[in-house]
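upload06.cif follows (mmCIF, C-alpha atoms):
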```cif
data_upload
loop_
_atom_site.label_atom_id
_atom_site.label_comp_id
_atom_site.auth_asym_id
_atom_site.auth_seq_id
_atom_site.Cartn_x
_atom_site.Cartn_y
_atom_site.Cartn_z
CA MET A 1 -90.24 -54.25 -5.65
CA PRO A 2 -90.05 -54.23 -9.47
CA GLN A 3 -92.39 -51.57 -10.85
CA ASP A 4 -93.74 -53.89 -13.56
CA ASN A 5 -95.11 -56.45 -11.12
CA PRO A 6 -96.90 -55.31 -7.95
CA ALA A 7 -97.20 -58.97 -6.91
CA ALA A 8 -93.46 -59.64 -7.13
CA LEU A 9 -92.19 -62.02 -4.46
CA SER A 10 -89.12 -61.61 -2.28
CA ASP A 11 -86.94 -64.36 -0.88
CA PRO A 12 -87.55 -65.12 2.80
CA ASP A 13 -86.08 -62.50 5.12
CA PRO A 14 -84.91 -63.79 8.53
CA ASP A 15 -85.70 -60.34 10.00
CA TRP A 16 -89.43 -60.56 9.25
CA PRO A 17 -90.44 -62.34 12.52
CA ALA A 18 -88.47 -59.95 14.75
CA ARG A 19 -89.89 -56.92 12.96
CA ALA A 20 -93.39 -58.34 13.33
CA THR A 21 -92.93 -59.01 17.04
CA GLU A 22 -91.61 -55.51 17.66
CA CYS A 23 -94.49 -53.86 15.80
CA LEU A 24 -97.12 -56.05 17.47
CA GLU A 25 -95.81 -54.97 20.87
CA GLN A 26 -96.11 -51.35 19.77
CA VAL A 27 -99.65 -51.91 18.50
CA LYS A 28 -100.60 -53.65 21.73
CA GLU A 29 -99.32 -50.71 23.74
CA ALA A 30 -101.05 -48.19 21.46
CA LEU A 31 -104.41 -49.92 21.89
CA GLN A 32 -104.28 -49.99 25.69
CA GLY A 33 -107.45 -48.56 27.13
CA LEU A 34 -109.70 -49.59 24.26
CA THR A 35 -112.58 -51.86 25.21
CA GLY A 36 -111.52 -55.44 24.55
CA ALA A 37 -107.81 -54.64 24.14
CA GLU A 38 -106.77 -56.49 27.27
CA GLU A 39 -108.21 -59.75 25.93
CA ALA A 40 -107.22 -59.15 22.29
CA ALA A 41 -104.91 -61.46 20.32
CA PHE A 42 -101.98 -60.05 18.32
CA ASP A 43 -100.75 -62.26 15.47
CA HIS A 44 -98.07 -62.34 12.81
CA ILE A 45 -99.88 -63.87 9.83
CA GLY A 46 -99.43 -64.27 6.08
CA SER A 47 -96.48 -65.61 4.15
CA THR A 48 -93.86 -63.60 6.06
CA SER A 49 -94.87 -65.55 9.18
CA VAL A 50 -93.92 -68.91 7.61
CA PRO A 51 -90.15 -69.62 7.70
CA GLY A 52 -88.70 -70.37 4.28
CA LEU A 53 -91.68 -69.07 2.31
CA ALA A 54 -91.24 -66.42 -0.39
CA ALA A 55 -93.61 -63.48 0.04
CA LYS A 56 -94.50 -60.03 -1.11
CA PRO A 57 -92.26 -57.90 1.14
CA PHE A 58 -95.13 -56.66 3.32
CA ILE A 59 -95.49 -58.03 6.83
CA ASP A 60 -99.10 -58.92 7.66
CA LEU A 61 -100.16 -58.40 11.26
CA GLN A 62 -103.52 -59.07 12.87
CA VAL A 63 -105.44 -57.90 15.92
CA ARG A 64 -108.45 -59.95 17.04
CA ILE A 65 -110.58 -57.83 19.34
CA LEU A 66 -114.20 -57.53 20.47
CA PRO A 67 -115.96 -55.24 20.03
CA LEU A 68 -114.38 -54.10 16.77
CA PRO A 69 -113.13 -50.54 17.36
CA SER A 70 -114.20 -47.74 15.06
CA HIS A 71 -111.75 -46.06 12.73
CA ASP A 72 -112.10 -42.93 14.86
CA ASP A 73 -110.84 -44.90 17.86
CA LEU A 74 -108.03 -46.61 15.95
CA ALA A 75 -106.70 -43.88 13.66
CA PRO A 76 -104.96 -41.65 16.25
CA ARG A 77 -103.49 -44.63 18.08
CA LEU A 78 -102.20 -46.40 14.98
CA GLY A 79 -101.23 -43.19 13.23
CA SER A 80 -98.51 -42.65 15.80
CA LEU A 81 -96.95 -45.91 14.56
CA GLY A 82 -97.07 -44.90 10.91
CA PHE A 83 -100.29 -46.70 9.99
CA GLU A 84 -102.92 -45.12 7.77
CA GLN A 85 -106.33 -46.48 6.89
CA ALA A 86 -106.11 -48.58 3.72
CA ARG A 87 -108.50 -47.62 0.94
CA GLY A 88 -107.77 -50.34 -1.57
CA ALA A 89 -106.50 -49.94 -5.11
CA ARG A 90 -110.02 -50.38 -6.52
CA PRO A 91 -113.57 -49.83 -5.19
CA ASP A 92 -113.94 -53.62 -4.89
CA SER A 93 -110.47 -54.46 -3.58
CA PRO A 94 -110.81 -57.65 -1.48
CA GLY A 95 -110.42 -57.65 2.29
CA VAL A 96 -110.39 -53.90 2.89
CA THR A 97 -113.59 -53.23 4.87
CA ARG A 98 -114.78 -56.82 5.21
CA ASP A 99 -113.57 -60.33 4.56
CA ILE A 100 -115.18 -62.54 1.94
CA PRO A 101 -117.25 -65.10 3.89
CA ARG A 102 -115.57 -68.50 3.91
CA GLY A 103 -115.91 -71.88 5.58
CA ASP A 104 -118.88 -73.79 6.92
CA GLU A 105 -119.19 -72.15 10.33
CA ALA A 106 -122.55 -70.56 11.04
CA ALA A 107 -121.78 -66.88 11.56
CA PRO A 108 -123.75 -63.63 11.44
CA ASP A 109 -122.88 -61.25 8.63
CA ALA A 110 -121.36 -58.71 11.04
CA VAL A 111 -118.38 -60.96 11.89
CA TRP A 112 -116.83 -60.37 8.46
CA GLU A 113 -116.39 -56.63 9.08
CA LYS A 114 -112.80 -55.49 9.57
CA ARG A 115 -110.45 -52.50 9.61
CA LEU A 116 -107.33 -52.42 7.44
CA TYR A 117 -104.26 -50.23 7.89
CA PHE A 118 -101.01 -49.88 5.96
CA ALA A 119 -97.67 -48.49 7.09
CA GLN A 120 -95.80 -47.70 3.86
CA SER A 121 -92.58 -46.70 5.61
CA ARG A 122 -92.54 -49.98 7.55
CA SER A 123 -93.89 -52.25 4.77
CA MET A 124 -96.56 -53.53 7.15
CA ILE A 125 -100.25 -54.27 6.81
CA LEU A 126 -102.47 -54.47 9.89
CA HIS A 127 -105.76 -56.38 9.80
CA VAL A 128 -108.08 -55.54 12.71
CA ARG A 129 -110.78 -58.19 12.99
CA ARG A 130 -113.43 -59.09 15.50
CA ALA A 131 -112.31 -61.74 17.97
CA ASP A 132 -115.18 -63.94 16.76
CA SER A 133 -114.28 -63.55 13.08
CA PRO A 134 -113.78 -66.94 11.40
CA TRP A 135 -111.16 -65.32 9.17
CA GLY A 136 -109.27 -64.34 12.32
CA HIS A 137 -108.56 -67.92 13.25
CA TYR A 138 -108.41 -69.21 9.65
CA THR A 139 -105.34 -67.04 9.08
CA VAL A 140 -103.65 -68.47 12.16
CA TRP A 141 -104.61 -72.05 11.34
CA PHE A 142 -103.32 -71.68 7.76
CA ARG A 143 -100.04 -70.21 9.03
CA ASP A 144 -99.52 -73.01 11.54
CA TRP A 145 -100.50 -75.70 9.00
CA LEU A 146 -97.95 -74.40 6.48
CA ARG A 147 -95.30 -74.29 9.19
CA ALA A 148 -96.00 -77.92 10.07
CA HIS A 149 -96.28 -79.28 6.49
CA PRO A 150 -93.29 -78.59 4.20
CA GLU A 151 -94.97 -80.14 1.16
CA ALA A 152 -97.98 -77.87 1.54
CA ARG A 153 -95.65 -74.91 1.97
CA ARG A 154 -93.85 -75.78 -1.28
CA GLY A 155 -97.17 -76.18 -3.07
CA TYR A 156 -98.34 -72.80 -1.87
CA GLU A 157 -95.11 -71.13 -2.93
CA ASN A 158 -95.31 -72.71 -6.39
CA ALA A 159 -98.87 -71.43 -6.77
CA LYS A 160 -97.83 -67.96 -5.60
CA ARG A 161 -94.91 -67.80 -8.04
CA THR A 162 -97.11 -68.82 -10.97
CA LEU A 163 -99.72 -66.22 -10.08
CA SER A 164 -97.06 -63.57 -9.51
CA GLU A 165 -95.68 -64.10 -13.02
CA ARG A 166 -99.19 -63.72 -14.43
CA ASN A 167 -99.54 -60.35 -12.69
CA ALA A 168 -96.55 -58.75 -14.38
CA GLY A 169 -97.60 -55.44 -15.90
CA LYS A 170 -100.78 -55.04 -13.84
CA PRO A 171 -101.46 -51.83 -11.89
CA ASP A 172 -102.03 -53.53 -8.51
CA TYR A 173 -102.06 -56.99 -6.92
CA ASP A 174 -105.84 -57.35 -6.49
CA ASP A 175 -106.05 -60.03 -9.20
CA TYR A 176 -103.19 -61.91 -7.55
CA THR A 177 -105.00 -61.80 -4.20
CA ARG A 178 -108.23 -63.07 -5.70
CA ALA A 179 -106.47 -65.81 -7.65
CA LYS A 180 -104.76 -67.14 -4.51
CA SER A 181 -108.22 -67.93 -3.15
CA ALA A 182 -108.33 -70.98 -5.46
CA PHE A 183 -105.46 -72.56 -3.52
CA PHE A 184 -107.03 -71.49 -0.24
CA ASP A 185 -110.37 -73.03 -1.27
CA GLU A 186 -108.64 -76.29 -2.15
CA VAL A 187 -106.79 -76.71 1.13
CA HIS A 188 -109.30 -75.08 3.49
CA PRO A 189 -110.97 -78.38 4.53
CA VAL A 190 -107.57 -79.95 5.13
CA PHE A 191 -106.06 -77.29 7.37
CA SER A 192 -109.39 -76.71 9.14
CA ALA A 193 -109.68 -80.40 10.00
CA TRP A 194 -106.04 -80.44 11.14
CA ALA A 195 -106.67 -77.40 13.35
CA GLN A 196 -109.71 -78.93 15.05
CA ASP A 197 -107.43 -81.38 16.85
CA ARG A 198 -105.13 -78.63 18.12
CA PRO A 199 -105.53 -75.79 20.61
CA ARG A 200 -106.39 -72.53 18.91
CA SER A 201 -103.40 -70.19 18.73
CA THR A 202 -103.70 -66.88 20.55
#
```
Any chance you could give the structure as structure tokens?
Amino acid sequence: MPQDNPAALSDPDPDWPARATECLEQVKEALQGLTGAEEAAFDHIGSTSVPGLAAKPFIDLQVRILPLPSHDDLAPRLGSLGFEQARGARPDSPGVTRDIPRGDEAAPDAVWEKRLYFAQSRSMILHVRRADSPWGHYTVWFRDWLRAHPEARRGYENAKRTLSERNAGKPDYDDYTRAKSAFFDEVHPVFSAWAQDRPRST
């Protein structure tokens, strides 16, 4: 990644899905024995999960599990796979210890809590969310909606490229992440309505 732009995008890599599947299987095995692990969902999410979409070269993975395990429970299991607890570039980095509440679903505050891990050597980010987290299924709905709608995918990529260029010279990609929320806000009602007529992905 160019050093002058932490939000630089890479062309789609056909190896991303296979790498994600392999790591998710390893994570699933590592979490065996934790309460809720047997019923947990393991997802490849984010831009690397959408064929043909440019992305920052970090593969986003997700575990949806209930109850949400503590860091003490997760750290030794995930550490063996190269994952370390993410701290965030800034004290207020978005999405590190909790997701920003979104959508119109009635949900208690606790559902937005999460755990975030990063494997530098593998260029992977692991989001561990509660199984009842709205963000947990929003990420899957958004992925599937982009896969099914090429025009939306192109619109998202154009927005990402514009925002990436604006982040050149910045010390981290927090501003890029926050700015993407404008696109997400705009299309949220559309992909949510589309998802209501489909079975939820697991």
Within 10 Å of region 144-160 of chain A: each region 1-46 of chain A residue with its shortest pair, only C-alpha atoms, as CSV:
```
residue,atom,partner,partner_atom,distance
A:Ala7,CA,A:Lys160,CA,9.1
A:Ala8,CA,A:Lys160,CA,9.5
A:Leu9,CA,A:Lys160,CA,8.3
A:Ile45,CA,A:Asp144,CA,9.3
```
So that I have them on file, write out the residues from the current selection with C-alpha atoms, as a compact mmCIF listing (two decimals), in the coordinates of the input.
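Once everything was written out, this is part-v4.txt:
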```txt
# COMPACT_ATOMS: atom_id res chain seq x y z
CA ALA A 7 -97.20 -58.97 -6.91
CA ALA A 8 -93.46 -59.64 -7.13
CA LEU A 9 -92.19 -62.02 -4.46
CA ILE A 45 -99.88 -63.87 9.83
```
Mind listing as a short mmCIF file (atom, residue, chain, number, x, y, z; two decimals) with C-alpha atoms, in the frame of the given file all residues within 7 Å of (-112.0, -56.5, 18.9), counting only C-alpha atoms?
```
data_model
loop_
_atom_site.label_atom_id
_atom_site.label_comp_id
_atom_site.auth_asym_id
_atom_site.auth_seq_id
_atom_site.Cartn_x
_atom_site.Cartn_y
_atom_site.Cartn_z
CA GLY A 36 -111.52 -55.44 24.55
CA ALA A 37 -107.81 -54.64 24.14
CA ALA A 40 -107.22 -59.15 22.29
CA ARG A 64 -108.45 -59.95 17.04
CA ILE A 65 -110.58 -57.83 19.34
CA LEU A 66 -114.20 -57.53 20.47
CA PRO A 67 -115.96 -55.24 20.03
CA LEU A 68 -114.38 -54.10 16.77
CA PRO A 69 -113.13 -50.54 17.36
CA ARG A 129 -110.78 -58.19 12.99
CA ARG A 130 -113.43 -59.09 15.50
CA ALA A 131 -112.31 -61.74 17.97
#
```
* Asked: Leaving out Phe118 (chain A) and any residue of its chain fewer than 6 positions from it, which residues lie within 6 Å of it when counting all atoms listed in the file, given as a list in words?
  -> Phe83, Glu84, Ala86, Met124 and Ile125 of chain A
* Asked: On this structure, which residues satisfy the PyMOL selection byres ((chain A and resi 135) around 9), written as an MDAnalysis selection string?
  -> chainID A and resid 99:103 111:112 129 132:134 136:140
* To do: Please write the residues picked by the PyMOL selection byres ((chain A and resi 19) around 12) on this file as a PyMOL selection string.
  => chain A and resi 13-18+20-26+44+48-49+58-61+122-124
* Structure fact -> From CA of Glu29 (chain A) to CA of Asp43 (chain A) the spacing works out at 14.3 Å
* Asked: So, counting only C-alpha atoms, which residue among A:Ala119, A:Ala179, A:Ala193, A:Ala110 is closest to Phe142 (chain A)?
  ->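 Closest to Phe142 (chain A) of all the choices is A:Ala193.
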* To do: Give the answer as one residue: which of A:Arg77, A:His71, A:His127, A:Arg115 has the shortest atom-to-atom distance to Ala41 (chain A), using only C-alpha atoms?
  =>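 Looking at the shortest contact to Ala41 (chain A), the residue is A:His127.
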* For the atom pair CA of Leu163 (chain A) and CA of Asp175 (chain A), what is the interatomic distance in Å to one decimal place? ->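 Taking CA of Leu163 (chain A) and CA of Asp175 (chain A), their separation equals 8.9 Å.
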* Do you have the CA of Lys56 (chain A)-CA of Tyr176 (chain A) distance handy? ->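 The value is 11.0 Å.
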* To do: Using all atoms listed in the file, determine which residues lie at most 10 Å from Asp11 (chain A), disregarding the query and same-chain residues fewer than 6 positions distant; provide the list as a list of chain:residue names.
  =>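 With the cut-off at 10 Å, the set is A:Thr48, A:Gly52, A:Leu53, A:Ala54, A:Ala55, A:Lys56, A:Pro57.
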* Mind listing as a PyMOL selection string all residues within 8 Å of (-98.0, -45.2, 18.8), counting all atoms listed in the file? -> chain A and resi 26-27+29-30+77-82
How big is the axis-aligned box around the listed atoms of region 130-147 of chain A once 6 Å is added on each side, and where is its centre? Give both in Å to one decimal, as AutoDock Vina command-line options.
```
--center_x -105.2 --center_y -67.4 --center_z 12.2 --size_x 31.9 --size_y 28.6 --size_z 23.5
```
* Out of A:Leu31, A:Trp194, A:Gly46, A:Pro51, which residue has the shortest atom-to-atom distance to Ala75 (chain A) when counting only C-alpha atoms? ->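 Using only C-alpha atoms, the shortest distance to Ala75 (chain A) belongs to A:Leu31.
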